[in-house]
Structures are given as C-alpha cells and as structure tokens.
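**Q** Here it is, the structure, as structure tokens.
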Amino acid sequence: MRTLHTLDSSEAKRAVDLIVEKALQMQKAASVAVADAHGDLIYFVHMDGAPVSSIQIAMNKAWTAARERKPTKEIGEKVKHPEKGHDIAYYCDPKYVGWGGGLPVWKNGEVVGAVAVSGLSSNEDIALATLGVELIGGS
C-alpha cells in the first residue's frame with residue numbers, strides 16, 4: 001500500500017492569504033486556487049474586481065498543474081510548438097490549460113498539490129503563485 005501525501009486546508013488557506021495580501025499591495029485583483037494532489041479544489045478566493053473569467057481559469061490551472069506535475073506555462077509552451085510536445089486536445093479534457101500561473105507543490109519528492117493564480121498578466125500570475133508554492137513547500 002502506498003500513502004499519498006497532500007495539502008491540508010490550513011496550508012492552502014495560508015498560501016491564499018499570502019497571495020491575496022501581495023495582490024492587494026500591488027493594487028491588483030485575481031482569483032487564487034489551491035488543489036490537492038489529484039487536482040481537486042481545497043481552497044479558493046475570487047478577489048473583488050478580478051475578472052469573472054479568472055474564476056474557472058484559476059481552478060483549471062490548479063487542476064492541470066497537479067495532474068501533470070508541472071507548471072501550466074510549460075504545458076502551454078509545448079502546445080504552442082507541437083514539435084516540442086502535442087496539441088492540447090490530446091489531453092482529452094477541456095479543463096487542461098496552458099496559460100502561466102499554475103504551479104505544482106512538491107514536498108519530499110512528490111507533488112502534494114498545486115497553487116494557481118489567474119486574472120493578471122502571465123508573469124504576475126506566476127510570481128504570485130510562486131509565493132504560495134514557496135510558503136507551502138517550505139513548511
């Protein structure tokens with residue numbers, strides 16, 4: 001039998017709180033999602049003023065990063081250039097996304113979940129998600 005480690009809700013909440021605090025300091029608004037190792041949602045916040053479209057995109061970024069065990073931007077780069085990978089349709093699920101901002105969380109050599117941010121530029125989404133990943137991964 002194998003034990004699967006995952007994030008708990010208190011870790012997810014701390015990561016989201018940190019990301020929201022930083023976004024507020026930047027005077028920006030985003031949606032933030034944290035998923036478990038399977039990609040299922042643990043914690044979510046949609047900040048006032050964030051685009052409505054960012055709600056589902058943040059959840060899908062977290063789902064994708066957890067399922068594929070890699071940053072969503074990396075998946076996006078491969079689907080933009082089929083010679084490096086393959087078309088996103090080959091993933092066979094419309095929840096897969098390739099925009100930057102979804103990052104897996106690694107602990108003890110395994111993915112335990114993912115943090116995702118949506119609603120800002122790709123670079124800002126990635127930077128904010130990185131804060132959450134570092135908080136959880138370092139705990």
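For the structure tokens, the naming scheme is as follows: chains receive sequential letters (A, B, ...) according to their order of presentation, residues are indexed from 1 within each chain, and ligands are indexed from 1 in presentation order.
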Sorted by chain and rising residue number, list the residues of range 35-139 of chain A at most 7 Å from range 10-28 of chain A (counting only C-alpha atoms), each with its closest atom pair and distance in Å to one decimal, as CSV.
**A**
residue,atom,partner,partner_atom,distance
A:Ile42,CA,A:Ala12,CA,6.8
A:Tyr43,CA,A:Ala12,CA,5.9
A:Leu128,CA,A:Ile19,CA,5.7
A:Leu131,CA,A:Ile19,CA,6.7
A:Gly132,CA,A:Ala15,CA,4.4
A:Leu135,CA,A:Ala15,CA,6.3
A:Ile136,CA,A:Glu11,CA,6.2
**Q** With only C-alpha atoms as the counted atoms, please give the residues lying no more than 10 Å from Leu103 in chain A, apart from itself and same-chain residues fewer than 2 positions off, as a PyMOL selection string.
**A** chain A and resi 34+61-66+68-74+100-101+105-106+113-117+126+129-130+132-133
**Q** Tell me, in Å to one decimal, how far CA of Asp93 in chain A is from CA of Ala50 in chain A.
**A** 25.5 Å
**Q** Quick one: residues within 9 Å of range 54-59 of chain A, only C-alpha atoms counted, chain neighbours fewer than 6 positions away excluded, as a compact mmCIF listing (two decimals) with N, CA and C atoms, in the first residue's frame?
**A**
# COMPACT_ATOMS: atom_id res chain seq x y z
N ALA A 30 -7.18 39.23 -8.29
CA ALA A 30 -7.06 37.96 -9.02
C ALA A 30 -7.92 36.90 -8.36
N SER A 31 -8.02 35.76 -9.01
CA SER A 31 -8.60 34.56 -8.42
C SER A 31 -7.45 33.64 -8.06
N VAL A 32 -7.57 32.99 -6.91
CA VAL A 32 -6.50 32.12 -6.41
C VAL A 32 -7.11 30.78 -6.03
N ALA A 33 -6.49 29.70 -6.53
CA ALA A 33 -6.99 28.35 -6.25
C ALA A 33 -5.85 27.47 -5.75
N VAL A 34 -6.16 26.63 -4.79
CA VAL A 34 -5.22 25.61 -4.32
C VAL A 34 -5.93 24.27 -4.44
N ALA A 35 -5.23 23.32 -5.04
CA ALA A 35 -5.79 21.98 -5.26
C ALA A 35 -4.94 20.93 -4.56
N GLY A 39 -5.76 17.31 -8.03
CA GLY A 39 -6.27 18.48 -8.75
C GLY A 39 -7.61 18.96 -8.23
N ASP A 40 -8.13 18.32 -7.20
CA ASP A 40 -9.41 18.74 -6.64
C ASP A 40 -9.23 19.95 -5.75
N LEU A 41 -10.15 20.89 -5.84
CA LEU A 41 -10.07 22.16 -5.14
C LEU A 41 -10.11 21.99 -3.63
N PHE A 44 -10.24 28.38 -2.32
CA PHE A 44 -10.39 29.30 -3.45
C PHE A 44 -10.83 30.67 -2.97
N VAL A 45 -10.27 31.72 -3.61
CA VAL A 45 -10.71 33.09 -3.37
C VAL A 45 -10.78 33.83 -4.70
N HIS A 46 -11.88 34.53 -4.88
CA HIS A 46 -12.03 35.44 -6.03
C HIS A 46 -12.07 36.84 -5.45
N LYS A 95 -10.58 20.86 -19.20
CA LYS A 95 -10.05 21.58 -18.03
C LYS A 95 -8.56 21.87 -18.15
N VAL A 97 -5.29 23.54 -19.17
CA VAL A 97 -4.94 24.86 -19.68
C VAL A 97 -3.43 25.00 -19.76
N TRP A 99 -1.94 28.33 -19.87
CA TRP A 99 -1.53 29.68 -19.51
C TRP A 99 -0.70 29.64 -18.24
N GLY A 101 0.73 30.40 -14.55
CA GLY A 101 0.09 30.76 -13.29
C GLY A 101 -0.34 29.57 -12.46
N GLY A 102 -0.20 28.36 -12.98
CA GLY A 102 -0.49 27.15 -12.22
C GLY A 102 0.82 26.43 -11.93
N VAL A 115 -0.86 25.33 -6.70
CA VAL A 115 -1.33 26.68 -6.43
C VAL A 115 -1.48 27.37 -7.78
N ALA A 116 -2.57 28.11 -7.95
CA ALA A 116 -2.78 28.81 -9.21
C ALA A 116 -3.38 30.19 -8.99
N VAL A 117 -2.97 31.10 -9.87
CA VAL A 117 -3.48 32.48 -9.85
C VAL A 117 -3.91 32.82 -11.27
N SER A 118 -5.02 33.53 -11.39
CA SER A 118 -5.50 33.98 -12.69
C SER A 118 -6.12 35.36 -12.56
N GLY A 119 -6.03 36.13 -13.63
CA GLY A 119 -6.65 37.45 -13.67
C GLY A 119 -5.69 38.57 -13.95
N LEU A 120 -4.40 38.29 -13.87
CA LEU A 120 -3.37 39.30 -14.12
C LEU A 120 -2.57 38.86 -15.35
**Q** Enter the distance from CA of Asp125 in chain A to CA of Gly109 in chain A, in Å, rounded to one decimal.
**A**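 Taking CA of Asp125 in chain A and CA of Gly109 in chain A, their separation equals 24.4 Å.
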**Q** Pick the closest to His38 in chain A from A:Pro104, A:Pro51, A:Gly98, A:Gly76: which is it, counting only C-alpha atoms?
**A**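 Going through A:Pro104, A:Pro51, A:Gly98, A:Gly76 one by one, the smallest distance to His38 in chain A is for A:Pro104.
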**Q** What's the separation between CA of Arg67 in chain A and CA of Val111 in chain A, in Å to one decimal place?
**A**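 Going from CA of Arg67 in chain A over to CA of Val111 in chain A covers 9.1 Å.
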**Q** Report as a PyMOL selection string: the residues of range 1-137 of chain A with a DSSP assignment of strand (DSSP E), based on the backbone of this structure.
**A** chain A and resi 31-36+41-46+102-107+110-118
**Q** Print the selection's residues with N, CA, C and O atoms to a file, as an mmCIF file, in the first residue's frame.
**A**
data_model
loop_
_atom_site.group_PDB
_atom_site.id
_atom_site.type_symbol
_atom_site.label_atom_id
_atom_site.label_comp_id
_atom_site.auth_asym_id
_atom_site.auth_seq_id
_atom_site.Cartn_x
_atom_site.Cartn_y
_atom_site.Cartn_z
ATOM 1 N N SER A 31 -8.018 35.758 -9.010
ATOM 2 C CA SER A 31 -8.601 34.562 -8.421
ATOM 3 C C SER A 31 -7.454 33.640 -8.057
ATOM 4 O O SER A 31 -6.482 33.525 -8.812
ATOM 5 N N VAL A 32 -7.572 32.987 -6.907
ATOM 6 C CA VAL A 32 -6.499 32.123 -6.406
ATOM 7 C C VAL A 32 -7.111 30.780 -6.031
ATOM 8 O O VAL A 32 -8.109 30.727 -5.296
ATOM 9 N N ALA A 33 -6.493 29.700 -6.527
ATOM 10 C CA ALA A 33 -6.985 28.353 -6.247
ATOM 11 C C ALA A 33 -5.849 27.469 -5.751
ATOM 12 O O ALA A 33 -4.726 27.556 -6.249
ATOM 13 N N VAL A 34 -6.162 26.626 -4.793
ATOM 14 C CA VAL A 34 -5.221 25.614 -4.318
ATOM 15 C C VAL A 34 -5.927 24.269 -4.439
ATOM 16 O O VAL A 34 -7.076 24.114 -4.001
ATOM 17 N N ALA A 35 -5.230 23.317 -5.043
ATOM 18 C CA ALA A 35 -5.790 21.984 -5.260
ATOM 19 C C ALA A 35 -4.940 20.933 -4.560
ATOM 20 O O ALA A 35 -3.761 21.159 -4.273
ATOM 21 N N ASP A 36 -5.537 19.763 -4.327
ATOM 22 C CA ASP A 36 -4.798 18.650 -3.745
ATOM 23 C C ASP A 36 -4.004 17.924 -4.838
ATOM 24 O O ASP A 36 -3.964 18.378 -5.985
ATOM 25 N N LEU A 41 -10.147 20.885 -5.842
ATOM 26 C CA LEU A 41 -10.069 22.161 -5.142
ATOM 27 C C LEU A 41 -10.107 21.994 -3.627
ATOM 28 O O LEU A 41 -10.943 21.278 -3.085
ATOM 29 N N ILE A 42 -9.154 22.657 -2.953
ATOM 30 C CA ILE A 42 -9.117 22.687 -1.485
ATOM 31 C C ILE A 42 -9.565 24.058 -0.985
ATOM 32 O O ILE A 42 -10.330 24.175 -0.045
ATOM 33 N N TYR A 43 -9.058 25.109 -1.631
ATOM 34 C CA TYR A 43 -9.320 26.472 -1.161
ATOM 35 C C TYR A 43 -9.336 27.403 -2.361
ATOM 36 O O TYR A 43 -8.533 27.244 -3.281
ATOM 37 N N PHE A 44 -10.242 28.383 -2.324
ATOM 38 C CA PHE A 44 -10.387 29.295 -3.455
ATOM 39 C C PHE A 44 -10.826 30.671 -2.975
ATOM 40 O O PHE A 44 -11.654 30.775 -2.067
ATOM 41 N N VAL A 45 -10.273 31.717 -3.615
ATOM 42 C CA VAL A 45 -10.708 33.095 -3.366
ATOM 43 C C VAL A 45 -10.785 33.825 -4.698
ATOM 44 O O VAL A 45 -9.858 33.731 -5.520
ATOM 45 N N HIS A 46 -11.884 34.535 -4.883
ATOM 46 C CA HIS A 46 -12.032 35.439 -6.030
ATOM 47 C C HIS A 46 -12.070 36.842 -5.447
ATOM 48 O O HIS A 46 -13.041 37.229 -4.790
ATOM 49 N N GLY A 102 -0.202 28.355 -12.982
ATOM 50 C CA GLY A 102 -0.489 27.152 -12.223
ATOM 51 C C GLY A 102 0.819 26.426 -11.929
ATOM 52 O O GLY A 102 1.569 26.133 -12.853
ATOM 53 N N LEU A 103 1.090 26.178 -10.652
ATOM 54 C CA LEU A 103 2.357 25.547 -10.260
ATOM 55 C C LEU A 103 2.117 24.379 -9.316
ATOM 56 O O LEU A 103 1.365 24.515 -8.351
ATOM 57 N N PRO A 104 2.779 23.249 -9.571
ATOM 58 C CA PRO A 104 2.659 22.136 -8.630
ATOM 59 C C PRO A 104 3.434 22.439 -7.351
ATOM 60 O O PRO A 104 4.396 23.212 -7.367
ATOM 61 N N VAL A 105 3.010 21.840 -6.261
ATOM 62 C CA VAL A 105 3.704 21.961 -4.982
ATOM 63 C C VAL A 105 4.374 20.619 -4.705
ATOM 64 O O VAL A 105 3.703 19.592 -4.634
ATOM 65 N N TRP A 106 5.693 20.651 -4.565
ATOM 66 C CA TRP A 106 6.477 19.450 -4.293
ATOM 67 C C TRP A 106 6.894 19.411 -2.833
ATOM 68 O O TRP A 106 7.346 20.415 -2.283
ATOM 69 N N LYS A 107 6.758 18.243 -2.192
ATOM 70 C CA LYS A 107 7.263 18.006 -0.840
ATOM 71 C C LYS A 107 7.841 16.601 -0.816
ATOM 72 O O LYS A 107 7.181 15.653 -1.261
ATOM 73 N N GLU A 110 7.563 14.469 -4.045
ATOM 74 C CA GLU A 110 6.288 14.162 -4.695
ATOM 75 C C GLU A 110 5.392 15.397 -4.744
ATOM 76 O O GLU A 110 5.505 16.293 -3.914
ATOM 77 N N VAL A 111 4.518 15.417 -5.734
ATOM 78 C CA VAL A 111 3.566 16.517 -5.844
ATOM 79 C C VAL A 111 2.442 16.282 -4.842
ATOM 80 O O VAL A 111 1.818 15.217 -4.832
ATOM 81 N N VAL A 112 2.211 17.280 -3.992
ATOM 82 C CA VAL A 112 1.174 17.179 -2.968
ATOM 83 C C VAL A 112 -0.020 18.080 -3.279
ATOM 84 O O VAL A 112 -1.001 18.076 -2.545
ATOM 85 N N GLY A 113 0.085 18.849 -4.360
ATOM 86 C CA GLY A 113 -0.993 19.747 -4.738
ATOM 87 C C GLY A 113 -0.505 20.784 -5.717
ATOM 88 O O GLY A 113 0.555 20.623 -6.336
ATOM 89 N N ALA A 114 -1.277 21.857 -5.853
ATOM 90 C CA ALA A 114 -0.920 22.927 -6.778
ATOM 91 C C ALA A 114 -1.527 24.243 -6.313
ATOM 92 O O ALA A 114 -2.561 24.262 -5.638
ATOM 93 N N VAL A 115 -0.857 25.330 -6.702
ATOM 94 C CA VAL A 115 -1.332 26.683 -6.429
ATOM 95 C C VAL A 115 -1.478 27.373 -7.779
ATOM 96 O O VAL A 115 -0.600 27.243 -8.640
ATOM 97 N N ALA A 116 -2.567 28.113 -7.951
ATOM 98 C CA ALA A 116 -2.782 28.809 -9.213
ATOM 99 C C ALA A 116 -3.375 30.191 -8.988
ATOM 100 O O ALA A 116 -4.157 30.404 -8.069
ATOM 101 N N VAL A 117 -2.971 31.104 -9.870
ATOM 102 C CA VAL A 117 -3.482 32.476 -9.847
ATOM 103 C C VAL A 117 -3.907 32.824 -11.266
ATOM 104 O O VAL A 117 -3.232 32.474 -12.234
ATOM 105 N N SER A 118 -5.018 33.533 -11.387
ATOM 106 C CA SER A 118 -5.497 33.980 -12.694
ATOM 107 C C SER A 118 -6.120 35.362 -12.558
ATOM 108 O O SER A 118 -6.646 35.721 -11.507
#
**Q** Residues of range 16-80 of chain A classed as alpha helix (DSSP H) by DSSP on the backbone are to be reported as a PyMOL selection string.
**A** chain A and resi 16-25+53-68+72-80
**Q** Using only C-alpha atoms, please write the residues we just selected to a file, as a CSV table (one decimal), in the first residue's frame.
**A**
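Done, and the output landed in part-v8.csv:
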chain,number,residue,atom,x,y,z
A,16,VAL,CA,-4.1,32.0,-0.5
A,17,ASP,CA,-3.9,34.7,2.3
A,18,LEU,CA,-0.3,35.5,1.4
A,19,ILE,CA,-1.1,35.8,-2.3
A,20,VAL,CA,-4.2,38.0,-1.7
A,21,GLU,CA,-2.1,40.2,0.7
A,22,LYS,CA,0.6,40.6,-2.0
A,23,ALA,CA,-2.0,41.3,-4.8
A,24,LEU,CA,-3.6,44.0,-2.6
A,25,GLN,CA,-0.2,45.6,-2.0
A,53,SER,CA,-13.3,34.6,-16.3
A,54,SER,CA,-10.4,34.2,-13.9
A,55,ILE,CA,-12.6,32.1,-11.5
A,56,GLN,CA,-12.7,28.9,-13.7
A,57,ILE,CA,-9.3,29.5,-15.2
A,58,ALA,CA,-7.6,29.6,-11.7
A,59,MET,CA,-9.3,26.4,-10.8
A,60,ASN,CA,-8.3,24.8,-14.1
A,61,LYS,CA,-4.7,25.9,-13.7
A,62,ALA,CA,-4.5,24.3,-10.3
A,63,TRP,CA,-6.1,21.1,-11.6
A,64,THR,CA,-3.7,21.0,-14.6
A,65,ALA,CA,-0.6,21.7,-12.6
A,66,ALA,CA,-1.5,19.0,-10.0
A,67,ARG,CA,-2.5,16.4,-12.6
A,68,GLU,CA,0.5,16.9,-14.9
A,72,THR,CA,0.9,25.2,-16.7
A,73,LYS,CA,3.2,27.6,-18.6
A,74,GLU,CA,5.4,24.6,-19.6
A,75,ILE,CA,2.3,22.8,-21.0
A,76,GLY,CA,1.3,25.9,-22.9
A,77,GLU,CA,4.8,26.3,-24.5
A,78,LYS,CA,4.6,22.7,-25.7
A,79,VAL,CA,1.2,23.0,-27.2
A,80,LYS,CA,2.2,26.3,-29.0
